[in-house]
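K.L.:
Structure file my_file.tsv, TSV, C-alpha atoms, is pasted below:
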```tsv
chain	number	residue	atom	x	y	z
B	48	MET	CA	17.94	-5.51	-21.85
B	49	ASN	CA	15.47	-7.02	-24.29
B	50	SER	CA	16.64	-10.47	-23.23
B	51	VAL	CA	15.92	-9.60	-19.58
B	52	TYR	CA	12.38	-8.49	-20.38
B	53	THR	CA	11.90	-11.59	-22.53
B	54	CYS	CA	12.98	-13.84	-19.66
B	55	LEU	CA	10.66	-12.06	-17.24
B	56	LEU	CA	7.72	-12.42	-19.62
B	57	ARG	CA	8.46	-16.13	-20.05
B	58	VAL	CA	8.58	-16.65	-16.29
B	59	VAL	CA	5.25	-14.85	-15.84
B	60	PHE	CA	3.70	-16.86	-18.66
B	61	VAL	CA	4.88	-20.18	-17.22
B	62	CYS	CA	3.61	-19.26	-13.74
B	63	ALA	CA	0.21	-18.30	-15.17
B	64	CYS	CA	-0.03	-21.58	-17.05
B	65	LEU	CA	0.88	-23.59	-13.97
B	66	TYR	CA	-1.64	-21.67	-11.86
B	67	GLY	CA	-4.42	-22.24	-14.41
B	68	THR	CA	-3.58	-25.94	-14.63
B	69	GLY	CA	-3.68	-26.20	-10.86
B	70	LEU	CA	-7.09	-24.57	-10.73
B	71	GLN	CA	-8.50	-26.92	-13.34
B	72	ALA	CA	-7.13	-29.95	-11.51
B	73	GLN	CA	-8.59	-28.72	-8.26
B	74	GLN	CA	-12.01	-28.19	-9.83
B	75	LYS	CA	-11.96	-31.74	-11.22
B	76	LYS	CA	-11.33	-33.21	-7.80
B	77	SER	CA	-14.37	-34.42	-5.89
B	78	LYS	CA	-13.06	-33.32	-2.56
B	79	PRO	CA	-15.26	-30.77	-0.70
B	80	ASP	CA	-14.40	-27.11	-1.11
B	81	ASP	CA	-14.10	-24.54	1.67
B	82	ILE	CA	-17.09	-22.39	0.76
B	83	THR	CA	-20.14	-24.48	-0.16
B	84	TYR	CA	-22.66	-25.43	2.53
B	85	PHE	CA	-24.24	-28.89	2.98
B	86	GLN	CA	-21.99	-30.77	0.56
B	87	GLU	CA	-22.45	-34.40	-0.39
B	88	THR	CA	-20.64	-36.86	1.83
B	89	GLY	CA	-21.15	-40.08	-0.09
B	90	ALA	CA	-24.04	-41.10	2.14
B	91	ASP	CA	-27.66	-41.46	1.07
B	92	SER	CA	-29.17	-38.28	-0.28
B	93	LEU	CA	-32.11	-38.64	2.11
B	94	LEU	CA	-31.10	-37.90	5.69
B	95	MET	CA	-33.35	-39.19	8.42
B	96	GLN	CA	-34.62	-36.46	10.72
B	97	ALA	CA	-34.04	-36.53	14.44
B	98	ASP	CA	-36.45	-38.63	16.48
B	99	SER	CA	-38.06	-35.48	17.86
B	100	LEU	CA	-37.59	-31.76	17.50
B	101	PRO	CA	-36.38	-29.89	20.58
B	102	VAL	CA	-39.23	-28.42	22.60
B	103	PHE	CA	-38.94	-24.94	24.04
B	104	ARG	CA	-39.85	-24.80	27.71
B	105	ILE	CA	-40.52	-21.67	29.71
B	106	ARG	CA	-37.73	-20.72	32.08
B	107	PRO	CA	-37.05	-17.81	34.46
B	108	GLY	CA	-36.44	-14.67	32.43
B	109	THR	CA	-38.60	-15.75	29.48
B	110	GLU	CA	-40.80	-12.93	28.22
B	111	LEU	CA	-44.22	-14.00	26.96
B	112	ASN	CA	-46.82	-12.27	24.84
B	113	ILE	CA	-50.20	-13.56	26.08
B	114	LEU	CA	-53.37	-12.91	24.08
B	115	VAL	CA	-56.79	-13.83	25.48
B	116	THR	CA	-60.07	-13.74	23.57
B	117	SER	CA	-63.51	-14.52	24.97
B	118	MET	CA	-67.19	-13.79	24.43
B	119	ASN	CA	-66.92	-10.51	26.35
B	120	PRO	CA	-65.04	-7.59	24.67
B	121	GLU	CA	-64.77	-5.70	27.97
B	122	VAL	CA	-63.06	-8.67	29.62
B	123	ASP	CA	-60.75	-8.99	26.61
B	124	ALA	CA	-59.66	-5.38	27.02
B	125	LEU	CA	-58.87	-6.04	30.69
B	126	LEU	CA	-56.92	-9.22	29.96
B	127	ASN	CA	-54.94	-7.73	27.05
B	128	PRO	CA	-53.50	-4.46	28.36
B	129	LYS	CA	-51.45	-2.37	25.95
B	130	ILE	CA	-48.57	-0.06	26.73
B	131	PRO	CA	-47.58	3.12	24.84
B	132	VAL	CA	-44.52	2.91	22.61
B	133	GLN	CA	-42.47	5.71	21.11
B	134	ASN	CA	-42.59	6.04	17.35
B	135	SER	CA	-39.77	7.29	15.13
B	136	MET	CA	-40.66	10.89	16.01
B	137	GLY	CA	-40.42	10.23	19.75
B	138	ASN	CA	-44.18	10.51	20.34
B	139	LEU	CA	-46.12	8.04	22.50
B	140	ASP	CA	-48.94	7.51	20.04
B	141	SER	CA	-48.66	3.80	19.27
B	142	LYS	CA	-49.34	0.87	21.59
B	143	GLN	CA	-48.29	-2.75	21.84
B	144	MET	CA	-49.31	-5.64	24.02
B	145	ALA	CA	-47.66	-5.86	27.40
B	146	GLY	CA	-45.14	-8.66	27.89
B	147	TYR	CA	-45.06	-10.95	30.92
B	148	ILE	CA	-41.60	-11.84	32.26
B	149	VAL	CA	-41.33	-15.14	34.13
B	150	ASP	CA	-39.74	-14.55	37.53
B	151	GLU	CA	-37.11	-16.67	39.30
B	152	GLN	CA	-39.79	-18.97	40.70
B	153	GLY	CA	-41.23	-19.56	37.22
B	154	MET	CA	-44.34	-17.49	37.97
B	155	VAL	CA	-46.20	-14.77	36.09
B	156	THR	CA	-48.84	-12.43	37.45
B	157	PHE	CA	-51.88	-12.32	35.18
B	158	PRO	CA	-55.08	-10.22	35.48
B	159	MET	CA	-58.05	-11.81	37.27
B	160	ILE	CA	-56.17	-14.96	38.34
B	161	GLY	CA	-53.02	-13.59	39.99
B	162	ARG	CA	-49.76	-15.56	40.13
B	163	VAL	CA	-49.54	-18.69	38.00
B	164	SER	CA	-46.62	-21.12	37.66
B	165	LEU	CA	-45.53	-21.73	34.04
B	166	LEU	CA	-42.06	-23.13	34.78
B	167	ASN	CA	-40.84	-25.83	32.34
B	168	LEU	CA	-44.09	-25.74	30.37
B	169	THR	CA	-44.31	-25.43	26.60
B	170	THR	CA	-46.21	-22.45	25.24
B	171	ALA	CA	-49.15	-24.72	24.39
B	172	GLU	CA	-49.18	-26.21	27.90
B	173	ALA	CA	-48.95	-22.74	29.46
B	174	ALA	CA	-51.88	-21.57	27.33
B	175	ASP	CA	-53.97	-24.50	28.57
B	176	VAL	CA	-53.09	-23.70	32.21
B	177	LEU	CA	-54.15	-20.05	31.82
B	178	ALA	CA	-57.31	-20.99	29.93
B	179	THR	CA	-58.30	-23.44	32.69
B	180	GLN	CA	-57.76	-20.81	35.40
B	181	LEU	CA	-59.59	-18.10	33.46
B	182	SER	CA	-62.57	-20.35	32.63
B	183	LYS	CA	-63.59	-20.09	36.29
B	184	GLN	CA	-64.42	-16.41	35.72
B	185	VAL	CA	-64.53	-15.90	31.95
B	186	ASN	CA	-66.88	-17.46	29.41
B	187	LYS	CA	-64.96	-19.70	26.99
B	188	PRO	CA	-61.54	-18.05	27.04
B	189	PHE	CA	-59.02	-18.82	24.29
B	190	VAL	CA	-55.35	-18.19	25.09
B	191	MET	CA	-52.42	-17.80	22.70
B	192	ILE	CA	-48.83	-17.45	23.97
B	193	ARG	CA	-45.80	-16.32	21.99
B	194	VAL	CA	-42.19	-16.08	23.15
B	195	VAL	CA	-40.84	-12.52	22.84
B	196	ASN	CA	-37.18	-12.75	23.87
B	197	PHE	CA	-35.57	-15.81	22.28
B	198	GLN	CA	-32.00	-14.45	22.25
B	199	VAL	CA	-28.90	-15.88	20.59
B	200	THR	CA	-25.48	-14.19	20.37
B	201	VAL	CA	-23.58	-14.57	17.09
B	202	MET	CA	-19.91	-13.51	17.02
B	203	GLY	CA	-16.88	-13.80	14.78
B	204	GLU	CA	-16.71	-13.94	11.00
B	205	VAL	CA	-20.30	-13.03	10.09
B	206	GLY	CA	-21.66	-10.02	8.26
B	207	HIS	CA	-23.42	-8.49	11.26
B	208	PRO	CA	-22.28	-9.84	14.65
B	209	GLY	CA	-24.57	-9.16	17.58
B	210	VAL	CA	-27.47	-10.42	19.67
B	211	LEU	CA	-30.45	-11.85	17.78
B	212	ASN	CA	-33.85	-11.42	19.40
B	213	VAL	CA	-36.50	-13.45	17.60
B	214	SER	CA	-40.18	-13.64	18.52
B	215	ARG	CA	-40.58	-17.42	18.30
B	216	ASP	CA	-39.66	-20.50	20.28
B	217	ARG	CA	-37.39	-22.23	17.75
B	218	LEU	CA	-34.30	-21.16	15.83
B	219	THR	CA	-31.80	-23.18	13.80
B	220	ILE	CA	-28.14	-22.34	13.32
B	221	PRO	CA	-28.53	-21.67	9.54
B	222	GLU	CA	-31.33	-19.24	10.38
B	223	ALA	CA	-29.20	-17.48	13.01
B	224	ILE	CA	-26.28	-17.17	10.58
B	225	SER	CA	-28.56	-15.88	7.83
B	226	LEU	CA	-30.04	-13.26	10.17
B	227	SER	CA	-26.45	-12.22	10.99
B	228	GLY	CA	-25.58	-11.52	7.35
B	229	ASP	CA	-24.09	-14.95	6.53
B	230	LEU	CA	-20.48	-15.99	7.05
B	231	THR	CA	-17.72	-13.88	5.56
B	232	ILE	CA	-15.24	-15.39	3.14
B	233	PHE	CA	-12.83	-15.78	6.07
B	234	GLY	CA	-15.21	-17.76	8.30
B	235	LYS	CA	-14.47	-21.42	9.08
B	236	ARG	CA	-17.60	-23.21	7.92
B	237	GLU	CA	-16.37	-26.58	9.13
B	238	ASN	CA	-15.73	-25.67	12.76
B	239	ILE	CA	-18.42	-23.36	14.18
B	240	LEU	CA	-18.56	-23.27	17.97
B	241	VAL	CA	-21.84	-23.29	19.90
B	242	VAL	CA	-21.64	-22.46	23.62
B	243	ARG	CA	-24.71	-23.53	25.59
B	244	THR	CA	-25.52	-22.89	29.24
B	245	ARG	CA	-28.15	-24.98	30.97
B	246	ASP	CA	-28.77	-25.37	34.71
B	247	GLY	CA	-25.50	-23.65	35.52
B	248	LYS	CA	-23.45	-25.96	33.28
B	249	ARG	CA	-21.71	-24.84	30.09
B	250	THR	CA	-21.26	-27.18	27.12
B	251	PHE	CA	-19.33	-26.67	23.88
B	252	GLY	CA	-20.42	-28.13	20.56
B	253	ARG	CA	-19.01	-27.97	17.05
B	254	ILE	CA	-20.97	-27.53	13.84
B	255	ASN	CA	-19.75	-28.35	10.32
B	256	LEU	CA	-21.89	-26.47	7.81
B	257	GLN	CA	-20.06	-28.14	4.91
B	258	ASP	CA	-21.47	-31.54	5.91
B	259	ARG	CA	-25.11	-32.48	5.41
B	260	SER	CA	-25.08	-34.45	8.64
B	261	VAL	CA	-25.28	-31.07	10.42
B	262	PHE	CA	-29.05	-31.51	10.34
B	263	ARG	CA	-28.68	-34.32	12.86
B	264	SER	CA	-26.47	-32.41	15.26
B	265	PRO	CA	-27.87	-31.69	18.76
B	266	TYR	CA	-26.67	-28.11	18.22
B	267	TYR	CA	-28.53	-27.61	14.94
B	268	HIS	CA	-31.54	-26.29	16.86
B	269	LEU	CA	-30.35	-23.44	19.04
B	270	GLN	CA	-31.62	-22.74	22.53
B	271	PRO	CA	-32.17	-19.40	24.26
B	272	ASN	CA	-28.94	-17.65	25.30
B	273	ASP	CA	-26.75	-19.85	23.09
B	274	MET	CA	-23.56	-18.25	21.77
B	275	VAL	CA	-22.39	-18.97	18.22
B	276	TYR	CA	-18.77	-18.20	17.36
B	277	VAL	CA	-17.40	-18.37	13.81
B	278	GLU	CA	-13.63	-18.73	13.93
B	279	PRO	CA	-11.55	-16.94	11.26
B	280	LYS	CA	-9.45	-18.89	8.79
B	281	ARG	CA	-5.68	-18.89	8.97
B	282	SER	CA	-5.49	-16.39	6.11
B	283	LYS	CA	-7.43	-13.86	8.19
B	284	LYS	CA	-5.13	-14.48	11.15
B	285	VAL	CA	-2.12	-13.83	8.93
B	286	GLN	CA	-3.67	-10.54	7.87
B	287	ALA	CA	-3.96	-9.55	11.51
B	288	GLY	CA	-0.29	-10.39	12.15
B	289	ARG	CA	2.56	-7.98	12.46
B	290	VAL	CA	4.11	-8.49	9.02
B	291	PHE	CA	1.09	-8.43	6.71
B	292	PRO	CA	0.14	-4.74	7.21
B	293	PHE	CA	3.62	-3.77	6.05
B	294	LEU	CA	3.64	-5.99	2.94
B	295	PRO	CA	2.31	-3.26	0.59
B	296	VAL	CA	5.12	-0.98	1.74
B	297	ILE	CA	7.69	-3.77	1.28
B	298	PHE	CA	6.45	-4.58	-2.22
B	299	SER	CA	6.35	-0.90	-3.16
B	300	GLY	CA	9.93	-0.48	-1.98
B	301	ALA	CA	11.07	-3.58	-3.86
B	302	SER	CA	9.33	-2.40	-7.01
B	303	LEU	CA	11.02	0.98	-6.70
B	304	LEU	CA	14.45	-0.65	-6.29
B	305	ILE	CA	13.90	-2.87	-9.33
B	306	THR	CA	12.82	0.13	-11.39
B	307	LEU	CA	15.89	2.10	-10.33
B	308	GLY	CA	18.14	-0.89	-11.03
B	309	LEU	CA	16.77	-1.31	-14.54
B	310	ALA	CA	17.17	2.43	-15.16
B	311	LEU	CA	20.79	2.37	-14.04
B	312	PHE	CA	21.75	-0.63	-16.21
B	313	ARG	CA	19.85	0.59	-19.24
```
Let's see the structure in the file written out as structure tokens.
P.N.:
Amino acid sequence: MNSVYTCLLRVVFVCACLYGTGLQAQQKKSKPDDITYFQETGADSLLMQADSLPVFRIRPGTELNILVTSMNPEVDALLNPKIPVQNSMGNLDSKQMAGYIVDEQGMVTFPMIGRVSLLNLTTAEAADVLATQLSKQVNKPFVMIRVVNFQVTVMGEVGHPGVLNVSRDRLTIPEAISLSGDLTIFGKRENILVVRTRDGKRTFGRINLQDRSVFRSPYYHLQPNDMVYVEPKRSKKVQAGRVFPFLPVIFSGASLLITLGLALFR
């Protein structure tokens, strides 16, 4: 029996040596790994930025936070209404600024000036339009506009899948993934899907976070209502198969049989 144990130990030792050698050889290779983001691709270290950053434009359904200041505090109070909000105790003792939702015609209804079209305008352009309209009745108005409901859905192999709602007009895919708890170890970093709907048409783009050229992708800057899907690796799919859940039981049974066999031949 000692010879059997000796043979088993030798086999385990040889396998361990081969595994360690394989790991060292793999580490010495310059080929990209499966985990690291933004790896070198042999190109210049300085990547040229896109010709222009994408510009957010107001569309139907956009919710805006509009703040107006002027030389008259009473007019400011009228133009900046606040609504009560429940606190953690369920009491309506705190207030926040009211949001303005752009309707299907691209219009918002604002105090003192009524309905105004903001469709396809940037936030800066919309602020200028409101300031021009208000200047007819208000002394030197200053308008600031902030997007409230920039929403992106992140699904798949991330720490916290769900709908992101950020209060700004620009969001990149690394930011969205970071806000979702980063990719899990099973997420495919080289093949992230971005689904975008615009004017009734749906497009599908792929993002490779392992490649630095991702910064030049048209899907690097996300748009409102984009969907980001991180596909699982093959190893995760195998885990979800029919055989894998039973492997611990199979190995336990095999171990028990080997133990009984050794006990019988001892």
K.L.:
Take atom CA of B:Leu230 and atom CA of B:Val261 and report the distance between them in Å, one decimal.
P.N.:
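So the answer is 16.2 Å.
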K.L.:
Give me, as a list of chain:residue names, all polymer residues having an atom no more than 12 Å from B:Phe157, counting all atoms listed in the file and skipping those fewer than 3 positions away in the same chain.
P.N.:
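Listed by chain and then number, they are B:Leu111, B:Asn112, B:Ile113, B:Leu114, B:Val115, B:Leu125, B:Leu126, B:Asn127, B:Pro128, B:Ala145, B:Gly146, B:Tyr147, B:Ile148, B:Val149, B:Met154, B:Ile160, B:Gly161, B:Arg162, B:Val163, B:Ser164, B:Leu165, B:Val176, B:Leu177, B:Ala178, B:Gln180, B:Leu181.
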K.L.:
Please produce an output containing C-alpha atoms for each residue in the selection, written as a CSV table (one decimal), in the coordinates of the input.
P.N.:
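Result file result.csv:
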```
chain,number,residue,atom,x,y,z
B,111,LEU,CA,-44.2,-14.0,27.0
B,112,ASN,CA,-46.8,-12.3,24.8
B,113,ILE,CA,-50.2,-13.6,26.1
B,114,LEU,CA,-53.4,-12.9,24.1
B,115,VAL,CA,-56.8,-13.8,25.5
B,125,LEU,CA,-58.9,-6.0,30.7
B,126,LEU,CA,-56.9,-9.2,30.0
B,127,ASN,CA,-54.9,-7.7,27.0
B,128,PRO,CA,-53.5,-4.5,28.4
B,145,ALA,CA,-47.7,-5.9,27.4
B,146,GLY,CA,-45.1,-8.7,27.9
B,147,TYR,CA,-45.1,-11.0,30.9
B,148,ILE,CA,-41.6,-11.8,32.3
B,149,VAL,CA,-41.3,-15.1,34.1
B,154,MET,CA,-44.3,-17.5,38.0
B,160,ILE,CA,-56.2,-15.0,38.3
B,161,GLY,CA,-53.0,-13.6,40.0
B,162,ARG,CA,-49.8,-15.6,40.1
B,163,VAL,CA,-49.5,-18.7,38.0
B,164,SER,CA,-46.6,-21.1,37.7
B,165,LEU,CA,-45.5,-21.7,34.0
B,176,VAL,CA,-53.1,-23.7,32.2
B,177,LEU,CA,-54.2,-20.0,31.8
B,178,ALA,CA,-57.3,-21.0,29.9
B,180,GLN,CA,-57.8,-20.8,35.4
B,181,LEU,CA,-59.6,-18.1,33.5
```
K.L.:
Tell me, as a list in words, which residues lie within 8 Å of stretch 233-239 of chain B, counting only C-alpha atoms; anything in the same chain fewer than 6 positions away does not count.
P.N.:
Asp81, Ile82, Tyr84, Gly203, Glu204, Val205, Arg253, Ile254, Asn255, Leu256, Gln257, Asp258, Val275, Tyr276, Val277, Glu278, Pro279, Lys280, Ser282 and Lys283 of chain B
K.L.:
Determine the nearest neighbour of B:Gly153 from the options B:Glu222, B:Glu110, B:Asp229, B:Asp273, counting all atoms listed in the file.
P.N.:
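So, comparing all the options, the nearest one is B:Glu110.
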K.L.:
Between atom CA of B:Leu100 and atom CA of B:Asn212, what is the distance, to one decimal in Å?
P.N.:
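One can read the atom CA of B:Leu100 to atom CA of B:Asn212 distance as 20.8 Å.
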K.L.:
Do you have the atom CA of B:Gly228-atom CA of B:Phe85 distance handy?
P.N.:
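Going from atom CA of B:Gly228 over to atom CA of B:Phe85 covers 18.0 Å.
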K.L.:
Out of B:Thr116, B:Ser260, B:Gln198, B:Thr109, which residue has the shortest atom-to-atom distance to B:Thr170 when counting only C-alpha atoms?
P.N.:
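Of the candidates, the smallest distance to B:Thr170 is held by B:Thr109.
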K.L.:
With all atoms listed in the file as the counted atoms, please give the residues lying no more than 7 Å from B:Ala174, apart from itself and same-chain residues fewer than 5 positions off, as JSON, numbers by chain.
P.N.:
{"B": [190, 191, 192]}
K.L.:
For B:His268, work out the shell of residues within 6 Å, counting all atoms listed in the file and skipping chain neighbours fewer than 2 positions away, then give it as a VMD selection string.
P.N.:
chain B and resid 218 to 219 266
K.L.:
Would you pick out the contacts of B:Leu211 at 8 Å or less, using all atoms listed in the file, so that residues sharing its chain but fewer than 3 positions from it are not included, and give the list as a list in words?
P.N.:
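Skipping anything fewer than 3 positions along the chain leaves Phe197, Gln198, Val199, Thr200, Val201, Ala223, Leu226 and Ser227 of chain B.
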